[in-house]
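Let me begin by presenting the structure, written as structure tokens, before commenting on it.
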Amino acid sequence: MKDSIGESLHQLMHHYRHQLREAAVMSGISIPVSHIRSLKCINNIENCNAKDIADKLSLDKSQITRVLKELVSSGYVEKVRSPNNHRSQLLSLTNSGSKLLAKITMLDKAAAESMTQNLTDQQIEDFIRISEIMVSNLDQSPSYNLQD
């Protein structure tokens, strides 16, 4: 049973991402997943900065810096110097960034509806709880180096 968990998770993520990507392309949205996840962080984290996004997404700050540079140049995000720390810049969505995120949110909801259509509310709650436990377990596990 435990042997199939990884494969089941891989298939679920593959199908979910594929459906989102297809829906995004059909809606005229052509930005990478890392950019979408960064937009969501900026929208959801009060006084958000690049470090907050890197921490939330478990990505290297230099990766996030590149993503933010593209989002700023595309007109989806703006940077403002933090009044509390002049070395830090606060991030916010522009009007077009908010509109893009609203479209993405609609696509997310449609994918979630499709994915959970034959599940009860209790099954969905259980899945979320179990997934959170699994993520926490992985975060606490040591990395294994299988090279000899």
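Labeling convention for the structure tokens: chains A, B, ... as they appear, residues from 1 per chain, ligands from 1 in order of appearance.
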Quick one: residues within 12 Å of Lys56 of chain A, only C-alpha atoms, excluding same-chain residues fewer than 2 positions away - as a ChimeraX atom specification? /A:34,37-38,40-42,44-45,48-54,58-61,64
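Close contacts of segment 10-12 of chain A, defined as residues with an atom at most 12 Å away when counting only C-alpha atoms, with chain neighbours fewer than 4 positions off set aside, comprise Ser4, Ile5, Gly6, Tyr16, Arg17, His18, Gln19, Ala111, Ala112, Met115 and Thr116 of chain A.
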Apply DSSP to the structure's backbone, then extract all residues of chain A labelled alpha helix (DSSP H) and return them as a compact mmCIF listing (two decimals) with C-alpha atoms, in the first residue's frame.
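Saved result, result.txt, follows:
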```txt
# COMPACT_ATOMS: atom_id res chain seq x y z
CA ASP A 3 4.55 1.78 -2.31
CA SER A 4 1.69 3.26 -4.32
CA ILE A 5 1.38 6.54 -2.36
CA GLY A 6 4.17 8.24 -4.30
CA GLU A 7 2.76 7.16 -7.65
CA SER A 8 -0.78 8.22 -6.67
CA LEU A 9 0.47 11.64 -5.57
CA HIS A 10 2.51 12.02 -8.75
CA GLN A 11 -0.49 11.18 -10.93
CA LEU A 12 -2.76 13.52 -8.98
CA MET A 13 -0.32 16.43 -9.24
CA HIS A 14 0.37 15.72 -12.91
CA HIS A 15 -3.33 15.67 -13.82
CA TYR A 16 -4.16 18.69 -11.66
CA ARG A 17 -1.31 20.78 -13.11
CA HIS A 18 -2.15 19.65 -16.65
CA GLN A 19 -5.78 20.67 -16.24
CA LEU A 20 -4.80 24.06 -14.79
CA ARG A 21 -2.23 24.65 -17.53
CA GLU A 22 -4.76 23.76 -20.27
CA ALA A 23 -7.41 26.02 -18.73
CA ALA A 24 -4.88 28.84 -18.38
CA VAL A 25 -3.79 28.56 -22.02
CA MET A 26 -7.42 28.54 -23.16
CA VAL A 33 3.38 28.21 -12.12
CA SER A 34 6.11 29.85 -10.01
CA HIS A 35 4.80 33.26 -11.10
CA ILE A 36 1.22 32.30 -10.27
CA ARG A 37 2.21 31.01 -6.84
CA SER A 38 4.15 34.23 -6.20
CA LEU A 39 1.12 36.34 -7.15
CA LYS A 40 -0.95 34.33 -4.66
CA CYS A 41 1.63 34.95 -1.91
CA ILE A 42 1.71 38.68 -2.59
CA ASN A 43 -2.07 38.76 -2.40
CA ASN A 44 -2.29 36.70 0.80
CA ALA A 50 10.68 38.52 -1.49
CA LYS A 51 11.87 36.61 1.59
CA ASP A 52 8.27 35.91 2.62
CA ILE A 53 7.59 34.36 -0.79
CA ALA A 54 10.81 32.33 -0.76
CA ASP A 55 9.95 30.99 2.70
CA LYS A 56 6.33 30.20 1.82
CA LEU A 57 7.20 28.44 -1.44
CA LYS A 61 15.51 33.80 -2.76
CA SER A 62 17.44 34.28 -6.03
CA GLN A 63 14.75 32.27 -7.86
CA ILE A 64 12.05 34.48 -6.37
CA THR A 65 14.03 37.60 -7.27
CA ARG A 66 14.03 36.51 -10.94
CA VAL A 67 10.29 35.74 -10.81
CA LEU A 68 9.55 39.12 -9.22
CA LYS A 69 11.64 40.93 -11.80
CA GLU A 70 9.51 39.36 -14.56
CA LEU A 71 6.25 40.09 -12.72
CA VAL A 72 7.26 43.73 -12.22
CA SER A 73 8.33 44.15 -15.86
CA ASN A 95 -4.62 46.46 -11.05
CA SER A 96 -3.69 44.12 -13.91
CA GLY A 97 -2.04 41.73 -11.43
CA SER A 98 -5.26 41.63 -9.40
CA LYS A 99 -7.30 40.96 -12.54
CA LEU A 100 -4.94 38.17 -13.58
CA LEU A 101 -5.10 36.62 -10.12
CA ALA A 102 -8.92 36.77 -10.18
CA LYS A 103 -8.89 34.77 -13.45
CA ILE A 104 -6.41 32.29 -12.00
CA THR A 105 -8.57 31.91 -8.87
CA MET A 106 -11.58 31.06 -11.05
CA LEU A 107 -9.52 28.41 -12.88
CA ASP A 108 -8.31 26.99 -9.55
CA LYS A 109 -11.87 26.73 -8.28
CA ALA A 110 -13.05 25.02 -11.46
CA ALA A 111 -10.19 22.48 -11.23
CA ALA A 112 -10.97 21.83 -7.56
CA GLU A 113 -14.65 21.33 -8.38
CA SER A 114 -13.78 18.87 -11.13
CA MET A 115 -11.30 17.02 -8.94
CA ASP A 121 -17.10 17.19 2.38
CA GLN A 122 -15.67 14.84 5.03
CA GLN A 123 -13.45 13.09 2.46
CA ILE A 124 -12.15 16.45 1.26
CA GLU A 125 -11.44 17.57 4.84
CA ASP A 126 -9.67 14.26 5.53
CA PHE A 127 -7.58 14.58 2.38
CA ILE A 128 -6.50 18.11 3.29
CA ARG A 129 -5.64 17.07 6.85
CA ILE A 130 -3.70 14.00 5.70
CA SER A 131 -1.86 16.00 3.01
CA GLU A 132 -0.81 18.59 5.59
CA ILE A 133 0.51 15.85 7.87
CA MET A 134 2.46 14.30 4.98
CA VAL A 135 4.00 17.66 4.05
CA SER A 136 4.95 18.25 7.67
CA ASN A 137 6.48 14.77 7.88
CA LEU A 138 8.56 15.42 4.76
CA ASP A 139 9.68 18.81 6.07
CA GLN A 140 10.92 17.15 9.27
```
Going by DSSP on the backbone, which bits of segment 52-99 of chain A are strand (DSSP E or B)? Write them as a PDB file with N, CA and C atoms, in the first residue's frame, please.
```
ATOM      1  N   VAL A  77       3.088  43.362 -10.728  1.00  0.00           N
ATOM      2  CA  VAL A  77       3.520  43.600  -9.346  1.00  0.00           C
ATOM      3  C   VAL A  77       4.274  44.921  -9.290  1.00  0.00           C
ATOM      4  N   GLU A  78       4.126  45.609  -8.168  1.00  0.00           N
ATOM      5  CA  GLU A  78       4.922  46.808  -7.935  1.00  0.00           C
ATOM      6  C   GLU A  78       5.636  46.684  -6.593  1.00  0.00           C
ATOM      7  N   LYS A  79       6.796  47.328  -6.533  1.00  0.00           N
ATOM      8  CA  LYS A  79       7.610  47.322  -5.319  1.00  0.00           C
ATOM      9  C   LYS A  79       7.596  48.716  -4.713  1.00  0.00           C
ATOM     10  N   VAL A  80       7.514  48.754  -3.386  1.00  0.00           N
ATOM     11  CA  VAL A  80       7.563  50.013  -2.643  1.00  0.00           C
ATOM     12  C   VAL A  80       8.520  49.806  -1.480  1.00  0.00           C
ATOM     13  N   ARG A  81       9.403  50.764  -1.258  1.00  0.00           N
ATOM     14  CA  ARG A  81      10.351  50.655  -0.149  1.00  0.00           C
ATOM     15  C   ARG A  81       9.587  50.582   1.170  1.00  0.00           C
ATOM     16  N   GLN A  89      11.834  45.778   0.335  1.00  0.00           N
ATOM     17  CA  GLN A  89      10.782  46.331  -0.505  1.00  0.00           C
ATOM     18  C   GLN A  89       9.513  45.517  -0.315  1.00  0.00           C
ATOM     19  N   LEU A  90       8.404  46.221  -0.134  1.00  0.00           N
ATOM     20  CA  LEU A  90       7.114  45.573  -0.005  1.00  0.00           C
ATOM     21  C   LEU A  90       6.527  45.382  -1.398  1.00  0.00           C
ATOM     22  N   LEU A  91       5.827  44.288  -1.576  1.00  0.00           N
ATOM     23  CA  LEU A  91       5.266  43.932  -2.874  1.00  0.00           C
ATOM     24  C   LEU A  91       3.755  44.042  -2.836  1.00  0.00           C
ATOM     25  N   SER A  92       3.190  44.504  -3.927  1.00  0.00           N
ATOM     26  CA  SER A  92       1.737  44.531  -4.042  1.00  0.00           C
ATOM     27  C   SER A  92       1.352  44.278  -5.491  1.00  0.00           C
ATOM     28  N   LEU A  93       0.141  43.804  -5.667  1.00  0.00           N
ATOM     29  CA  LEU A  93      -0.364  43.562  -7.014  1.00  0.00           C
ATOM     30  C   LEU A  93      -0.831  44.869  -7.628  1.00  0.00           C
TER      31      LEU A  93
END
```
